[in-house]
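Structure first, commentary second.
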Amino acid sequence: MSKRYILLAIVLIGSAFGLVVLPNKHDTNQIPAEEFLIDIYNPARFLSTHQVAKRLIERDPSIFLVDVRTPSEFEEYSIPGAFNIPLENLLEEEWADYLSQDGVDVVLFSNGDIYADQAWTLIAQQGTKNLYIMKGGVNQWFSTIIQPVEPPETAPSEAFDLYAFEKAASIYFGGSSANVESATTTPTKKTVVVRKKKKKAAEGGC
Amino acid sequence: MGPLTYFGEISTEWNYVIAIFIGMAFGYIMEASGFSSSRKLIGVFYGYDFAVIRVFITATLVAIIGLLYMGYFGWIDYSVLFVHPTFIFSATIGGVIMGFGFIIGGFCPGTSLCALAIGKIDGWVFTVALFVGIFIYSLVFPFIEPYYNMGDMGHITISEYLNISNAWFTFWFALISVAIFYVTSVIRKKVKEVRY
């Protein structure tokens with residue numbers, strides 16, 4: 001056997017053995033800190049409640065709402081179509097496919113911004129794209145979509161356009177409709193009231 | 001786009017350009033290894049020439065070792081690599097059919113194109129027959145479709161299946177490869193030499 005073949009065999013086995021003895025690299029699978037900082041400062045990661053509401057009304061299939069609050073809070077009230085993944089279970093393998101979807105915008109929300117932002121940080125540093133936060137969370141959702149407040153008369157016309165949308169969205173999502181004055185009762189009760197009305201109408205026809 | 005993260009992201013257009021150059025290099029190496037001769041290719045089955053096995057095993061080994069080292073140094077993103085799904089039943093049947101086709105025809109699809117490129121008549125005939133075969137296959141496909149999807153094991157690699165690390169698998173593969181190189185050289189010496 002020629003020396004060349006022996007040398008080649010030694011090189012191949014040696015380099016393969018080199019892989020075995022290499023120390024384990026600590027592979028965090030995270031995006032570099034500099035890139036992540038840019039992502040965090042990018043305001044485009046926030047969606048307003050209006051943007052979310054508009055896309056839900058249009059039945060946009062490319063939006064996936066994730067409620068990161070606890071299951072009890074989720075059962076009490078959540079935005080229609082939202083999926084509940086509590087913050088403490090966020091990194092479980094089960095949810096990985098839900099939170100990272102090609103061509104689907106995953107929108108996280110909690111009661112305010114803090115928990116949603118923590119969830120965003122946890123997922124986004126794994127390099128997940130199309131990840132957003134609904135700015136203001138459920139609280140903002142109530143104060144804009146479910147019980148919109150009429151802007152003062154001196155407000156610019158855009159504010160009134162927005163208010164018109166809010167009123168319409170409020171009806172769509174089963175809120176207090178345009179009746180701002182009576183918006184003092186809890187909104188969860190309101191949704192139940194609307195459903196009851198429907199049933200009554202059906203009974204009358206019999 | 002490509003898994004080579006070291007150079008940043010490579011655009012789709014450049015991917016095609018790079019693919020063309022890799023393809024040209026592949027064709028050149030095949031021709032330089034003598035793979036455009038059906039007598040050389042068939043030598044594996046009769047035991048007088050093991051260049052095919054040697055070239056392909058060496059190529060596989062170099063590719064595995066290169067990939068693992070590049071992955072270790074962070075030049076390649078493993079998660080972007082596409083692992084073909086394994087259909088163990090159809091792969092076995094297809095392998096047997098392909099083997100017989102190899103012995104009878106004297107080429108595999110890639111080498112037939114290589115022979116075609118240098119103007120070999122048997123290469124031309126093989127390539128035409130290849131497309132006739134593809135056409136017939138597409139006609140009978142509805143009948144054999146259930147067998148086509150049998151034995152689905154998903155996107156699995158051998159090291160995942162055996163539950164060993166990639167590095168150990170590569171090491172054993174290197175040892176086995178060298179053993180194969182040695183055994184084939186012994187067989188070749190024993191078999192009567194064929195001049196072609």
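Chain labels run A, B, ... following the order of the structure tokens; each chain numbers its residues from 1, and ligands are numbered from 1 in the order shown.
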May I ask you to extract the residues of chain A within 7 Å of chain B, using only C-alpha atoms, and to give them as number ranges by chain? A: 9, 12-13, 16-17, 19-20
Identify which of the residues B:Cys108, B:Leu130, B:Cys114, B:Ala91 lies closest to Phe26 (chain B), counting only C-alpha atoms when measuring atom-to-atom distances.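 Using only C-alpha atoms, the shortest distance to Phe26 (chain B) belongs to B:Cys114.
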Distance query region 141-155 of chain B at most 10 Å, only C-alpha atoms, self and fewer than 4 positions along chain excluded, as a list in words: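 Listed by chain and then number, they are Phe82, Val83, His84, Pro85, Thr86, Phe87, Ile88, Phe89, Ser90, Ala91, Thr92, Ile93, Gly94, Phe135, Ile136, Tyr137, Glu160 and Tyr161 of chain B.
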With a distance cut-off of 12 Å and only C-alpha atoms, select the neighbouring residues of Ala96 (chain A), excluding the residue or stretch itself and same-chain residues fewer than 4 positions from it, and output the selection as a list in words.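 With the cut-off at 12 Å, the set is Ile85, Asn89, Leu90, Leu91, Glu92, Ser100, Gln101, Val106, Leu122, Ile123, Ala124, Gln126 and Thr128 of chain A.
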Just give me the gap between CA of Ile103 (chain B) and CA of Glu31 (chain B) in Å, one decimal is fine.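 Between CA of Ile103 (chain B) and CA of Glu31 (chain B) the gap is 19.1 Å.
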Give the helix (DSSP H, G or I) residues of region 132-196 of chain B, as DSSP finds them on the backbone, and put them as a PyMOL selection string. chain B and resi 132-148+158-162+166-190
Find the distance between CA of Arg54 (chain B) and CA of Gly95 (chain B) and write it in Å to one decimal.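 Value for the CA of Arg54 (chain B)-CA of Gly95 (chain B) distance: 18.7 Å.
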Could you check how far CA of Val107 (chain A) sits from CA of Ala159 (chain A), in Å to one decimal? 24.6 Å
Hey, what's within 8 Å of Phe64 (chain A) if we count only C-alpha atoms and toss same-chain stuff fewer than 3 positions away? As a ChimeraX atom specification, please? /A:61,82-83,104-107
Could you write out that same residue set with N, CA and C atoms as a PDB file, in the first residue's frame?
ATOM      1  N   PRO A  61     -55.830  36.006   8.413  1.00  0.00           N
ATOM      2  CA  PRO A  61     -55.311  34.718   8.900  1.00  0.00           C
ATOM      3  C   PRO A  61     -53.841  34.771   9.328  1.00  0.00           C
ATOM      4  N   ALA A  82     -57.727  34.573  20.886  1.00  0.00           N
ATOM      5  CA  ALA A  82     -56.391  34.502  21.486  1.00  0.00           C
ATOM      6  C   ALA A  82     -56.113  33.101  22.009  1.00  0.00           C
ATOM      7  N   PHE A  83     -54.836  32.789  22.089  1.00  0.00           N
ATOM      8  CA  PHE A  83     -54.396  31.472  22.549  1.00  0.00           C
ATOM      9  C   PHE A  83     -53.616  31.684  23.832  1.00  0.00           C
ATOM     10  N   VAL A 104     -46.676  34.281   9.711  1.00  0.00           N
ATOM     11  CA  VAL A 104     -47.743  34.615  10.652  1.00  0.00           C
ATOM     12  C   VAL A 104     -47.162  35.533  11.726  1.00  0.00           C
ATOM     13  N   ASP A 105     -47.859  36.645  11.957  1.00  0.00           N
ATOM     14  CA  ASP A 105     -47.401  37.566  12.997  1.00  0.00           C
ATOM     15  C   ASP A 105     -47.925  37.104  14.347  1.00  0.00           C
ATOM     16  N   VAL A 106     -47.005  36.770  15.232  1.00  0.00           N
ATOM     17  CA  VAL A 106     -47.391  36.340  16.578  1.00  0.00           C
ATOM     18  C   VAL A 106     -47.441  37.589  17.463  1.00  0.00           C
ATOM     19  N   VAL A 107     -48.602  37.874  18.035  1.00  0.00           N
ATOM     20  CA  VAL A 107     -48.779  39.074  18.861  1.00  0.00           C
ATOM     21  C   VAL A 107     -48.983  38.661  20.315  1.00  0.00           C
TER      22      VAL A 107
END
Write out as a list of chain:residue names which residues come within 12 Å of Phe45 (chain B) when counting only C-alpha atoms, dropping same-chain ones fewer than 3 positions away. B:Ser38, B:Arg39, B:Lys40, B:Leu41, B:Ile42, B:Tyr48, B:Asp49, B:Phe50, B:Ala51, B:Val52, B:Ile53, B:Gly99, B:Phe100, B:Phe102, B:Ile103, B:Ile104, B:Gly106, B:Thr184, B:Ile187, B:Arg188, B:Val191
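Here the DSSP assignment of strand (DSSP E), based on backbone atoms, applies within region 40-179 of chain A to Phe46, Leu47, Ile63, Phe64, Leu65, Val66, Asp67, Phe83, Asn84, Asp105, Val106, Val107, Leu108, Phe109, Leu131, Tyr132, Ile133 and Met134 of chain A.
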